[in-house]
Amino acid sequence: MAQLDVQAKLAILADAAKYDASCASSGTAKRNSRGGKGVGSSEGMGICHAYAPDGRCISLLKILLTNSCIFDCAYCINRKSSNVRRARFTAQEVVRLTLEFYKRNYIEGLFLSSGIIRSSNYTMEQIVEVARSLREDHDFRGYIHLKTIPDADPELVRQAGLHANRVSINVELPTTSGLTRLAPEKDVRQIEGAMREMKASIADADDAAKRFKSAPKFAPAGQSTQMIVGADAASDADIVRRSSSLYDRFGLRRVYYSAFSPIPDASAVLPLKRPPLMREHRLYQSDWLMRFYGFTSAEVRSATDAQGMLPLDIDPKLAWALKFRDGFPVDVNRAPKEMLLRIPGLGTKAVDRIMSSRRWRKLRLDDVARLTLSIAKVRPFITTLDWRPTFLTDRTDLRMLVAPRQQQLELFTA
Amino acid sequence: MIDAHRVMLSAPDDFEGWRDAARDLAEAGVPASAVVWQVEGGDADLFGSAVQQRAAPSFPVPREFVNLARNVICYSDRERFALLYAMLLRLKSHRRALDDEADPLVRRLADFAKAVRRDIHKMHAFVRFREFDGRFVAFFEPEHHIVRRAASFFVNRFTNMRWSILTPELSIHWDGETLAEGPGATRADAPAGDPLEEMWRTYYASIFNPARLKVGAMLKEMPKKYWRNMPETSLVEPLIASARNRELEMIDRSVAKQGLEDAIEAERALQPRSNVRASWEALFREARGCTRCHLHECATQTVFGEGPLDASIAFVGEQPGDQEDIAGRPFVGPAGQLFDAALEKAGIDRSAVYVTNAVKHFKFVQRGKKRIHSKPNAGEIEACRWWIENERALIKPPITVALGATAAQSLFGKAMAIGKNRGSPLQLQDGSECWITVHPSFLLRIPEEDRRREERALFVRDLKRIRARAEELAA
């Protein structure tokens with residue numbers, strides 16, 4: 001094969017990386033480049049430097065080191081038997097590209113992943129070398145997210161954690177049977193074992209940092225994972241149960257969901273249809289309910305239907321409220337915060353504002369309207385000084401009243 | 001208005017000036033309606049009298065108000081100074097007045113501050129430097145007066161670079177040690193291009209996933225007002241258009257086929273034919289595990305097609321027989337031998353054509369030790385069509401030959417009479433040519449010697465015509 005120039009490689013290796021959903025550059029320790037010799041800073045808050053027409057943000061230079069792979073996972077465009085064009089960056093090419101992009105303020109940093117070439121350890125060494133060179137040779141203080149390989153040598157994984165802000169290992173599929181069928185070379189116990197070790201390393205480093213100021217930082221933005229939605233038969237309830245157990249057991253910062261996209265040259269064992277974007281959206285909403293709204297995973301699951309699926313036309317919080325109507329309406333002037341958080345249409349900020357302003361005044365419907373985006377959505381579920389919804393619990397058509405108005409269906413709405 | 005107090009601020013984001021004047025006025029109990037706030041260089045109010053600066057003892061305000069005011073001052077609305085002053089007066093009597101978040105004034109100021117924070121955040125995100133002579137220069141158009149507030153971010157991040165950010169109102173320059181201010185600038189003052197932008201555009205186009213189009217989500221976070229100074233945004237429209245085209249093509253044909261065909265077409269364009277083999281091998285491996293119908297339960301193995309992938313003719317038989325099932329290769333039993341002989345007579349080299357079957361598993365009924373061939377039904381043919389279509393999509397044979405009724409039904413999707421259709425080309429759905437003739441095993445089953453000879457001659461005649469047509473198409 002003719003030698004590809006860096007631009008051609010970039011096209012291939014960015015294309016190959018786009019199925020990884022994570023682009024977060026947030027939640028890390030504050031840092032800047034004052035007193036250093038390179039560039040880079042992190043504010044704690046992530047920055048999205050651009051958005052693509054697929055609605056996803058572009059925060060990091062998200063590429064693979066190579067898209068050659070000795071594994072044959074059916075859902076992956078880079079699998080061994082796939083027909084895609086292969087390319088490979090050298091570590092120095094990635095380093096240069098990252099720095100040049102960073103200096104022009106295109107990106108927050110690098111998200112580096114790779115197909116497995118030769119062996120897990122060899123691949124991991126290459127990934128670590130990129131991060132090392134950025135940090136040590138160029139004093140780069142921007143964000144680095146490294147994908148680690150489950151069965152790589154622990155010492156290599158440890159080095160990855162020392163250089164990176166965030167590390168991640170993908171669990172890929174929500175069910176073990178799905179993983180066995182679609183990713184025959186991957187092993188759920190090995191993946192979880194690696195996550196467990198990562199959690200322990202992060203905890204050790206936190207511990208050391210409390211005692212010694214000079215203790216080295218270890219993946220200060222924690223670890224995350226990703227699973228593919230819609231490639232196997234897992235229901236929403238299965239997925240919610242699985243991610244809640246991942247959060248609990250491995251202290252993950254995030255579980256990302258990636259709606260399975262029909263990849264070019266797809267393997268025949270996979271469904272070829274449009275990615276279930278709305279389903280992905282509903283799963284993220286349920287993820288938020290668990291992380292910020294005090295819902296337990298069992299409560300989210302109780303909002304699913306008989307097949308274990310969340311409704312697509314309404315959000316999971318509304319679905320839950322409609323199913324458990326006896327808790328409503330909620331008196332916004334008296335209810336505890338936990339109950340306010342359960343009101344459909346009220347976000348965490350609106351709840352904080354209600355808590356703060358009700359020390360000052362008895363809230364009327366107008367007051368609540370100023371604190372929320374849409375009072376129409378909230379109204380059926382609250383009482384205020386001057387408002388009480390009529391016959392809420394008895395109305396069978398309540399769902400029709402509160403569900404978003406149906407638009408003319410698009411031909412291809414997921 | 002005659003005895004109005006006039007405050008002249010040095011700049012639209014002059015927080016210190018506003019703070020000092022507001023503190024004095026509030027201390028003196030001047031009502032909000034009696035103060036006129038102005039920015040130097042703006043249109044002056046002739047009737048106000050300037051406030052005299054006094055070092056007055058100040059009353060304490062909560063820190064959160066100071067933070068709020070710093071942001072609100074940057075908002076591009078002339079009322080901001082007066083609204084903030086009204087809030088300050090209220091804080092004088094109620095120190096916790098900001099907690100009343102449902103209050104209209106508190107709400108309005110919070111909305112101003114939010115808009116300013118967002119504008120600052122977007123400036124951090126969307127400034128695009130161009131390198132010129134070792135210096136990095138950007139032109140940016142913020143919505144509010146935020147340049148000074150946003151500057152520290154760039155200083156912290158790009159401490160060891162020399163850079164300038166030009167905006168219509170104000171320019172800032174960093175030389176590695178100090179931040180200098182200059183007058184406003186126009187886009188023409190910034191360098192015109194940077195070779196690396198092509199690289200960045202390549203990345204932007206490649207990271208976009210055309211299977212998921214969410215233009216609304218993009219516009220919400222990257223409003224068009226910022227697009228003018230970002231190199232990648234010129235790609236947005238073509239990317240959306242090409243994604244939609246792909247979708248429209250999908251409506252035309254079945255979704256599954258198109259995905260594969262697109263991919264193969266793209267591969268061909270890159271490296272003609274070199275990857276078809278890999279793709280065929282993947283298909284072959286997958287076919288070995290096929291469970292699309294129940295036939296896999298009894299058969300020994302999948303018998304897939306074989307032959308060169310650039311073949312000009314693809315022969316499609318019915319299904320593997322007893323010997324094919326054991327050998328794992330098509331047309332090796334008695335019918336296969338007859339087929340080979342006929343090909344030879346017609347002058348066709350078997351090793352130059354692709355040979356496959358409409359159904360890939362052997363269907364039979366067990367009679368004692370013998371496995372007797374049994375005709376596949378419509379459901380089985382339909383289930384297996386998937387494979388044959390993928391084989392044909394890969395190879396794209398100019399001529400496909402249906403050997404017998406089963407093959408014809410598989411290729412055309414409906415029953416085709418052989419006698420009526422043989423001897424001349426028909427058109428398949430994809431536009432390529434298809435010839436229908438008998439299956440060689442039919443020739444084996446004719447008991448009468450004369451008729452058998454006659455039918456074999458007809459079969460060879462068909463094959464000869466097909467060969468001639470293939471040569472004609474290739475020429």
# chains A, B, ... in the order shown; residues from 1 in each chain; ligands from 1
>>> residues_around(residues="region 157-164 of chain B", least_positions_apart="5", cutoff="6 Å", atoms="only C-alpha atoms", output="PyMOL selection string")
(chain A and resi 32-34+39-41) or (chain B and resi 135-137+172-176)
>>> closest_atom_pairs(of="chain A", to="chain B", cutoff="6 Å", atoms="only C-alpha atoms", output="CSV")
residue,atom,partner,partner_atom,distance
A:Ala11,CA,B:Ser206,CA,5.5
A:Ala14,CA,B:Ile207,CA,5.5
A:Asp15,CA,B:Ser206,CA,4.8
A:Lys18,CA,B:Ile207,CA,5.2
A:Asn32,CA,B:Asn156,CA,5.2
A:Ser33,CA,B:Arg157,CA,5.6
A:Arg34,CA,B:Thr159,CA,5.7
A:Val39,CA,B:Phe158,CA,5.3
A:Gly40,CA,B:Arg157,CA,4.8
A:Ser41,CA,B:Arg157,CA,4.8
A:His49,CA,B:Ala125,CA,4.5
A:Tyr51,CA,B:Met218,CA,5.5
A:Ala52,CA,B:Phe208,CA,5.8
A:Pro53,CA,B:Val215,CA,5.0
A:Asp54,CA,B:Leu213,CA,4.3
A:Gly55,CA,B:Met218,CA,4.5
A:Ser81,CA,B:Ala282,CA,5.5
A:Asn83,CA,B:Ser279,CA,5.6
A:Arg104,CA,B:Phe129,CA,4.5
A:Asn105,CA,B:Arg128,CA,5.7
A:Pro264,CA,B:Ala263,CA,5.1
A:Asp265,CA,B:Leu260,CA,5.1
A:Leu272,CA,B:Ala256,CA,5.6
A:Arg353,CA,B:Glu101,CA,5.8
A:Ser356,CA,B:Asp99,CA,5.7
A:Ser357,CA,B:Asp100,CA,4.2
A:Trp360,CA,B:Asp100,CA,5.8
A:Asp367,CA,B:Ala102,CA,5.2
>>> select_by_dssp(residues="region 87-324 of chain B", states="helix (DSSP H, G or I)", output="ChimeraX atom specification")
/B:87-93,97-99,104-126,147-157,187-189,196-207,215-221,224-229,231-252,255-270,276-288,294-297,322-324
>>> residues_around(residues="Leu146 (chain A)", least_positions_apart="3", cutoff="6 Å", atoms="only C-alpha atoms", output="list of chain:residue names")
A:Phe111, A:Leu112, A:Val167
>>> write_last_selection(atoms="N, CA and C atoms", output="short mmCIF file (atom, residue, chain, number, x, y, z; two decimals), in the first residue's frame")
data_model
loop_
_atom_site.label_atom_id
_atom_site.label_comp_id
_atom_site.auth_asym_id
_atom_site.auth_seq_id
_atom_site.Cartn_x
_atom_site.Cartn_y
_atom_site.Cartn_z
N PHE A 111 -8.41 12.38 22.68
CA PHE A 111 -9.03 11.12 23.11
C PHE A 111 -8.44 10.05 22.21
N LEU A 112 -7.57 9.24 22.77
CA LEU A 112 -6.85 8.27 21.95
C LEU A 112 -7.30 6.84 22.26
N VAL A 167 -9.51 7.76 32.01
CA VAL A 167 -9.29 6.50 31.33
C VAL A 167 -10.63 5.81 31.17
#
>>> residues_around(residues="region 118-130 of chain A", least_positions_apart="4", cutoff="8 Å", atoms="only C-alpha atoms", output="PyMOL selection string")
chain A and resi 65+70+91-92+94-95+112-114+134+146+148-149+151-153+156-157+159-160+163
>>> closest_residue(among="B:Glu448, B:Asp13, B:Glu389, B:Asp133", to="Cys74 (chain B)", atoms="only C-alpha atoms")
B:Asp13
>>> atom_distance(atom1="CA of Arg80 (chain B)", atom2="CA of Glu27 (chain B)")
19.8 Å
>>> residues_around(residues="Ala303 (chain A)", least_positions_apart="6", cutoff="10 Å", atoms="only C-alpha atoms", output="ChimeraX atom specification")
/A:237,286,309-311,315-324
>>> closest_residue(among="B:Val72, B:Leu88, B:Ala151, B:Leu426", to="Phe112 (chain B)", atoms="only C-alpha atoms")
B:Val72
>>> atom_distance(atom1="CA of Ala219 (chain A)", atom2="CA of Arg166 (chain A)")
4.9 Å
>>> atom_distance(atom1="CA of Thr180 (chain A)", atom2="CA of Ile77 (chain A)")
17.6 Å
>>> residues_around(residues="Val147 (chain B)", least_positions_apart="4", cutoff="8 Å", atoms="only C-alpha atoms", output="PyMOL selection string")
chain B and resi 120+142+151+170
>>> write_last_selection(atoms="N, CA and C atoms", output="tab-separated table (two decimals), in the first residue's frame")
chain	number	residue	atom	x	y	z
B	120	ILE	N	-19.31	34.21	27.10
B	120	ILE	CA	-17.90	34.02	27.47
B	120	ILE	C	-17.48	32.59	27.14
B	142	PRO	N	-18.01	38.80	19.61
B	142	PRO	CA	-18.86	38.42	20.73
B	142	PRO	C	-20.18	39.20	20.70
B	151	ALA	N	-10.50	37.11	28.70
B	151	ALA	CA	-9.07	37.10	28.35
B	151	ALA	C	-8.24	36.17	29.22
B	170	LEU	N	-12.66	45.85	20.60
B	170	LEU	CA	-11.44	45.87	21.39
B	170	LEU	C	-10.52	44.74	20.93
>>> residues_around(residues="region 456-458 of chain B", least_positions_apart="6", cutoff="9 Å", atoms="only C-alpha atoms", output="compact mmCIF listing (two decimals) with N, CA and C atoms, in the first residue's frame")
# COMPACT_ATOMS: atom_id res chain seq x y z
N ALA B 342 -21.07 -29.85 -20.12
CA ALA B 342 -21.82 -28.91 -20.98
C ALA B 342 -21.06 -27.60 -21.14
N PRO B 440 -29.05 -28.70 -14.57
CA PRO B 440 -28.44 -29.92 -15.11
C PRO B 440 -29.06 -31.19 -14.54
N LEU B 443 -31.65 -32.77 -16.60
CA LEU B 443 -31.20 -33.54 -17.75
C LEU B 443 -30.86 -34.97 -17.35
